[in-house]
Amino acid sequence: MNTEQTQDVRAQQQEHGKPHIVRLRVQTPRGLWSVTEPPDATKRPEYPVSTKIEQVILDVRSVFKFVEQDSKYTLLRGDEVLEPQRTLASYKIDDGTLLVLSVQGGNA
Amino acid sequence: MTIAPEVSFETLKRELPAATDYVAAASVTLDDTSLTAHNLRLYVQLVNAHGEPFYVEFDFADYPLYPPTVEFVSKDHTERGTKRLYPQGFHPTPCICMRYNRKAYSERGGPHGDWRLLDWRLPTGNGVAIDTLSLMISDLHSKVRHSTGRMP
């Protein structure tokens with residue numbers, strides 16, 4: 001399926017009221033989160049494109065038990081920092097996109 | 001107290017796959033080509049907010065009993081410990097002032113007399129405990145990415 005066909009499918013889905021879902025991959029310092037990894041994950045990175053970045057950050061933190069509130073968690077696409085209040089759609093994030101959870105420890 | 005270099009090397013070999021996956025996804029360069037049981041050093045290249053490169057050396061002698069010694073070095077790895085090799089925002093000693101850096105401890109000449117080397121896996125402040133190579137790289141990646149210049 002080429003890009004135009006993919007866009008047509010999305011448009012048809014949205015016309016029929018079905019949200020367009022993307023399946024992400026998120027690399028963290030503790031491993032990859034995907035539709036198959038880690039095997040015991042309690043949630044999977046499958047989101048309507050209207051989902052905010054902050055929800056993805058919350059979910060991946062939960063899967064990999066990054067519970068500390070005082071660390072800085074940032075979602076990146078390559079070198080690009082994804083703003084927590086924006087949606088996946090606003091970044092035109094497609095199925096299978098690889099994102100990175102950057103984790104910064106506390107300061108001494 | 002020390003531990004055999006072969007133990008440090010085996011520990012690192014177990015941690016390297018996760019670190020390799022992370023750096024590949026984060027567009028960070030990891031150079032472990034000279035890593036052996038008798039040369040426990042590896043290097044990471046990071047860029048700041050303006051795309052300026054910085055080079056980090058990890059020396060894993062006595063790891064994981066003690067944390068690595070982590071230092072910004074020159075591109076050819078021959079110069080270390082000078083301010084101009086550090087991004088802005090780090091401790092002016094100069095030092096990467098985190099528990100995962102042996103150089104941060106006062107018993108190794110660093111500013112922290114309130115930390116014990118054996119407790120290096122504890123979190124700094126209330127943040128995540130930085131206790132693996134991939135977490136160390138992530139922490140440095142985040143800090144350098146936000147930096148806009150070199151230490152004066």
# chains A, B, ... in the order shown; residues from 1 in each chain; ligands from 1
>>> residues_around(residues="range 57-65 of chain A", least_positions_apart="2", cutoff="7 Å", atoms="only C-alpha atoms", output="number ranges by chain")
A: 30, 41-42, 53-55, 67, 75
>>> residues_around(residues="range 59-63 of chain B", least_positions_apart="3", cutoff="8 Å", atoms="only C-alpha atoms", output="mmCIF file with C-alpha atoms, in the first residue's frame")
data_model
loop_
_atom_site.group_PDB
_atom_site.id
_atom_site.type_symbol
_atom_site.label_atom_id
_atom_site.label_comp_id
_atom_site.auth_asym_id
_atom_site.auth_seq_id
_atom_site.Cartn_x
_atom_site.Cartn_y
_atom_site.Cartn_z
ATOM 1 C CA THR B 2 39.162 -4.356 43.899
ATOM 2 C CA ILE B 3 37.563 -6.924 41.640
ATOM 3 C CA ALA B 4 38.995 -8.916 38.760
ATOM 4 C CA PRO B 5 38.845 -7.092 35.418
ATOM 5 C CA VAL B 7 34.270 -9.695 36.187
ATOM 6 C CA SER B 8 33.893 -6.050 35.121
ATOM 7 C CA THR B 11 29.193 -7.360 33.600
ATOM 8 C CA LEU B 40 37.702 -1.349 30.358
ATOM 9 C CA ARG B 41 37.125 1.950 28.581
ATOM 10 C CA LEU B 42 34.437 2.928 26.137
ATOM 11 C CA TYR B 66 32.346 0.749 42.261
ATOM 12 C CA PRO B 67 30.893 3.086 39.654
ATOM 13 C CA PRO B 68 32.842 3.931 36.520
ATOM 14 C CA THR B 69 34.993 7.025 36.244
ATOM 15 C CA VAL B 70 33.165 9.228 33.766
#
>>> interface_residues(of="chain A", to="chain B", cutoff="8 Å", atoms="only C-alpha atoms", output="ChimeraX atom specification")
/A:27-31,66-71,76-79,98-100,102-108
>>> write_last_selection(atoms="N, CA and C atoms", output="tab-separated table (two decimals), in the first residue's frame")
chain	number	residue	atom	x	y	z
A	27	GLN	N	11.93	3.04	22.60
A	27	GLN	CA	13.16	2.53	23.21
A	27	GLN	C	13.42	3.29	24.50
A	28	THR	N	13.63	2.56	25.57
A	28	THR	CA	13.95	3.18	26.86
A	28	THR	C	15.30	2.64	27.32
A	29	PRO	N	15.91	3.27	28.33
A	29	PRO	CA	17.17	2.70	28.84
A	29	PRO	C	16.98	1.33	29.48
A	30	ARG	N	15.74	0.93	29.73
A	30	ARG	CA	15.50	-0.39	30.32
A	30	ARG	C	14.95	-1.38	29.30
A	31	GLY	N	14.90	-0.99	28.04
A	31	GLY	CA	14.44	-1.93	27.02
A	31	GLY	C	13.43	-1.30	26.07
A	66	PHE	N	9.48	3.35	35.88
A	66	PHE	CA	10.15	4.61	36.18
A	66	PHE	C	9.19	5.43	37.04
A	67	VAL	N	9.21	5.15	38.35
A	67	VAL	CA	8.19	5.72	39.23
A	67	VAL	C	8.62	7.07	39.82
A	68	GLU	N	9.90	7.38	39.78
A	68	GLU	CA	10.38	8.59	40.45
A	68	GLU	C	9.84	9.84	39.76
A	69	GLN	N	9.26	10.71	40.56
A	69	GLN	CA	8.63	11.91	40.00
A	69	GLN	C	9.65	13.01	39.70
A	70	ASP	N	10.80	12.96	40.38
A	70	ASP	CA	11.73	14.08	40.25
A	70	ASP	C	12.74	13.93	39.12
A	71	SER	N	12.55	12.94	38.31
A	71	SER	CA	13.41	12.81	37.13
A	71	SER	C	12.73	13.50	35.95
A	76	LEU	N	11.45	11.49	22.54
A	76	LEU	CA	12.17	12.02	21.37
A	76	LEU	C	11.82	11.20	20.13
A	77	ARG	N	11.84	11.88	18.99
A	77	ARG	CA	11.86	11.17	17.70
A	77	ARG	C	13.14	11.61	17.01
A	78	GLY	N	14.14	10.76	17.07
A	78	GLY	CA	15.48	11.19	16.63
A	78	GLY	C	15.96	12.29	17.55
A	79	ASP	N	16.31	13.43	16.97
A	79	ASP	CA	16.77	14.57	17.76
A	79	ASP	C	15.63	15.47	18.21
A	98	LEU	N	9.65	4.71	15.66
A	98	LEU	CA	10.49	4.45	16.83
A	98	LEU	C	10.72	5.76	17.57
A	99	LEU	N	10.31	5.78	18.83
A	99	LEU	CA	10.54	6.94	19.70
A	99	LEU	C	11.53	6.54	20.79
A	100	VAL	N	12.06	7.53	21.50
A	100	VAL	CA	13.03	7.26	22.56
A	100	VAL	C	12.55	7.94	23.84
A	102	SER	N	13.86	9.49	26.96
A	102	SER	CA	15.08	9.98	27.59
A	102	SER	C	14.80	10.17	29.08
A	103	VAL	N	15.70	9.63	29.90
A	103	VAL	CA	15.53	9.69	31.35
A	103	VAL	C	16.71	10.43	31.95
A	104	GLN	N	16.42	11.50	32.66
A	104	GLN	CA	17.49	12.25	33.33
A	104	GLN	C	17.34	12.09	34.83
A	105	GLY	N	18.43	11.70	35.50
A	105	GLY	CA	18.39	11.52	36.95
A	105	GLY	C	18.33	12.85	37.67
A	106	GLY	N	18.31	12.79	38.99
A	106	GLY	CA	18.28	14.01	39.77
A	106	GLY	C	19.61	14.74	39.73
A	107	ASN	N	19.61	15.96	40.22
A	107	ASN	CA	20.85	16.74	40.27
A	107	ASN	C	21.41	16.74	41.68
A	108	ALA	N	22.75	16.68	41.79
A	108	ALA	CA	23.39	16.70	43.10
A	108	ALA	C	23.43	18.12	43.63
>>> select_by_dssp(residues="range 28-79 of chain A", states="strand (DSSP E or B)", output="NGL selection string")
:A and (28 or 31-33 or 46-48 or 52 or 72-77)
>>> select_by_dssp(residues="range 27-104 of chain A", states="alpha helix (DSSP H)", output="count of residues only")
11
>>> atom_distance(atom1="CA of His50 in chain B", atom2="CA of Asp76 in chain B")
21.2 Å
>>> atom_distance(atom1="CA of Phe72 in chain B", atom2="CA of Glu107 in chain B")
19.9 Å
>>> decode(residues="range 56-102 of chain A", atoms="N, CA and C atoms", output="short mmCIF file (atom, residue, chain, number, x, y, z; two decimals), in the first residue's frame")
data_model
loop_
_atom_site.label_atom_id
_atom_site.label_comp_id
_atom_site.auth_asym_id
_atom_site.auth_seq_id
_atom_site.Cartn_x
_atom_site.Cartn_y
_atom_site.Cartn_z
N VAL A 56 1.63 8.88 26.45
CA VAL A 56 2.61 7.86 26.05
C VAL A 56 3.74 7.82 27.09
N ILE A 57 4.18 8.98 27.55
CA ILE A 57 5.25 9.03 28.56
C ILE A 57 4.79 8.35 29.84
N LEU A 58 3.58 8.66 30.27
CA LEU A 58 3.05 8.04 31.50
C LEU A 58 3.00 6.52 31.36
N ASP A 59 2.56 6.04 30.20
CA ASP A 59 2.40 4.60 30.00
C ASP A 59 3.75 3.88 29.94
N VAL A 60 4.69 4.45 29.22
CA VAL A 60 5.99 3.77 29.11
C VAL A 60 6.71 3.80 30.46
N ARG A 61 6.53 4.86 31.22
CA ARG A 61 7.11 4.89 32.57
C ARG A 61 6.50 3.78 33.42
N SER A 62 5.20 3.60 33.27
CA SER A 62 4.52 2.57 34.06
C SER A 62 5.02 1.17 33.69
N VAL A 63 5.19 0.91 32.40
CA VAL A 63 5.63 -0.42 31.95
C VAL A 63 7.03 -0.73 32.47
N PHE A 64 7.91 0.28 32.45
CA PHE A 64 9.30 0.03 32.86
C PHE A 64 9.60 0.50 34.29
N LYS A 65 8.53 0.84 35.01
CA LYS A 65 8.64 1.16 36.44
C LYS A 65 9.59 2.34 36.72
N PHE A 66 9.48 3.35 35.88
CA PHE A 66 10.15 4.61 36.18
C PHE A 66 9.19 5.43 37.04
N VAL A 67 9.21 5.15 38.35
CA VAL A 67 8.19 5.72 39.23
C VAL A 67 8.62 7.07 39.82
N GLU A 68 9.90 7.38 39.78
CA GLU A 68 10.38 8.59 40.45
C GLU A 68 9.84 9.84 39.76
N GLN A 69 9.26 10.71 40.56
CA GLN A 69 8.63 11.91 40.00
C GLN A 69 9.65 13.01 39.70
N ASP A 70 10.80 12.96 40.38
CA ASP A 70 11.73 14.08 40.25
C ASP A 70 12.74 13.93 39.12
N SER A 71 12.55 12.94 38.31
CA SER A 71 13.41 12.81 37.13
C SER A 71 12.73 13.50 35.95
N LYS A 72 13.54 13.78 34.93
CA LYS A 72 13.00 14.41 33.74
C LYS A 72 12.82 13.34 32.66
N TYR A 73 11.58 13.18 32.20
CA TYR A 73 11.28 12.19 31.18
C TYR A 73 10.86 12.91 29.91
N THR A 74 11.53 12.61 28.83
CA THR A 74 11.26 13.28 27.57
C THR A 74 11.13 12.24 26.48
N LEU A 75 10.15 12.46 25.60
CA LEU A 75 9.99 11.57 24.46
C LEU A 75 10.61 12.24 23.24
N LEU A 76 11.45 11.49 22.54
CA LEU A 76 12.17 12.02 21.37
C LEU A 76 11.82 11.20 20.13
N ARG A 77 11.84 11.88 18.99
CA ARG A 77 11.86 11.17 17.70
C ARG A 77 13.14 11.61 17.01
N GLY A 78 14.14 10.76 17.07
CA GLY A 78 15.48 11.19 16.63
C GLY A 78 15.96 12.29 17.55
N ASP A 79 16.31 13.43 16.97
CA ASP A 79 16.77 14.57 17.76
C ASP A 79 15.63 15.47 18.21
N GLU A 80 14.43 15.18 17.74
CA GLU A 80 13.30 16.08 17.97
C GLU A 80 12.62 15.77 19.31
N VAL A 81 12.49 16.81 20.13
CA VAL A 81 11.78 16.67 21.41
C VAL A 81 10.28 16.81 21.15
N LEU A 82 9.51 15.83 21.62
CA LEU A 82 8.06 15.87 21.43
C LEU A 82 7.42 16.53 22.66
N GLU A 83 6.66 17.58 22.41
CA GLU A 83 6.05 18.35 23.51
C GLU A 83 4.90 17.56 24.12
N PRO A 84 4.87 17.46 25.47
CA PRO A 84 3.87 16.60 26.13
C PRO A 84 2.42 16.96 25.81
N GLN A 85 2.12 18.22 25.57
CA GLN A 85 0.73 18.62 25.38
C GLN A 85 0.25 18.46 23.94
N ARG A 86 1.16 18.14 23.04
CA ARG A 86 0.74 17.95 21.65
C ARG A 86 0.31 16.51 21.42
N THR A 87 -0.41 16.29 20.35
CA THR A 87 -0.91 14.94 20.04
C THR A 87 0.04 14.21 19.07
N LEU A 88 -0.15 12.91 19.00
CA LEU A 88 0.62 12.12 18.03
C LEU A 88 0.33 12.61 16.61
N ALA A 89 -0.93 12.94 16.35
CA ALA A 89 -1.30 13.39 15.00
C ALA A 89 -0.57 14.67 14.63
N SER A 90 -0.37 15.54 15.60
CA SER A 90 0.26 16.83 15.28
C SER A 90 1.71 16.66 14.85
N TYR A 91 2.30 15.52 15.21
CA TYR A 91 3.66 15.22 14.74
C TYR A 91 3.66 14.26 13.55
N LYS A 92 2.44 13.96 13.06
CA LYS A 92 2.30 13.02 11.92
C LYS A 92 3.04 11.71 12.19
N ILE A 93 2.86 11.19 13.39
CA ILE A 93 3.54 9.95 13.77
C ILE A 93 2.79 8.76 13.16
N ASP A 94 3.53 7.95 12.43
CA ASP A 94 2.95 6.82 11.71
C ASP A 94 3.12 5.51 12.47
N ASP A 95 2.42 4.50 11.98
CA ASP A 95 2.57 3.14 12.51
C ASP A 95 4.04 2.72 12.50
N GLY A 96 4.49 2.14 13.60
CA GLY A 96 5.84 1.59 13.65
C GLY A 96 6.93 2.59 13.95
N THR A 97 6.56 3.85 14.15
CA THR A 97 7.57 4.88 14.44
C THR A 97 8.33 4.52 15.72
N LEU A 98 9.65 4.71 15.66
CA LEU A 98 10.49 4.45 16.83
C LEU A 98 10.72 5.76 17.57
N LEU A 99 10.31 5.78 18.83
CA LEU A 99 10.54 6.94 19.70
C LEU A 99 11.53 6.54 20.79
N VAL A 100 12.06 7.53 21.50
CA VAL A 100 13.03 7.26 22.56
C VAL A 100 12.55 7.94 23.84
N LEU A 101 12.54 7.20 24.93
CA LEU A 101 12.29 7.82 26.23
C LEU A 101 13.64 8.19 26.83
N SER A 102 13.86 9.49 26.96
CA SER A 102 15.08 9.98 27.59
C SER A 102 14.80 10.17 29.08
#
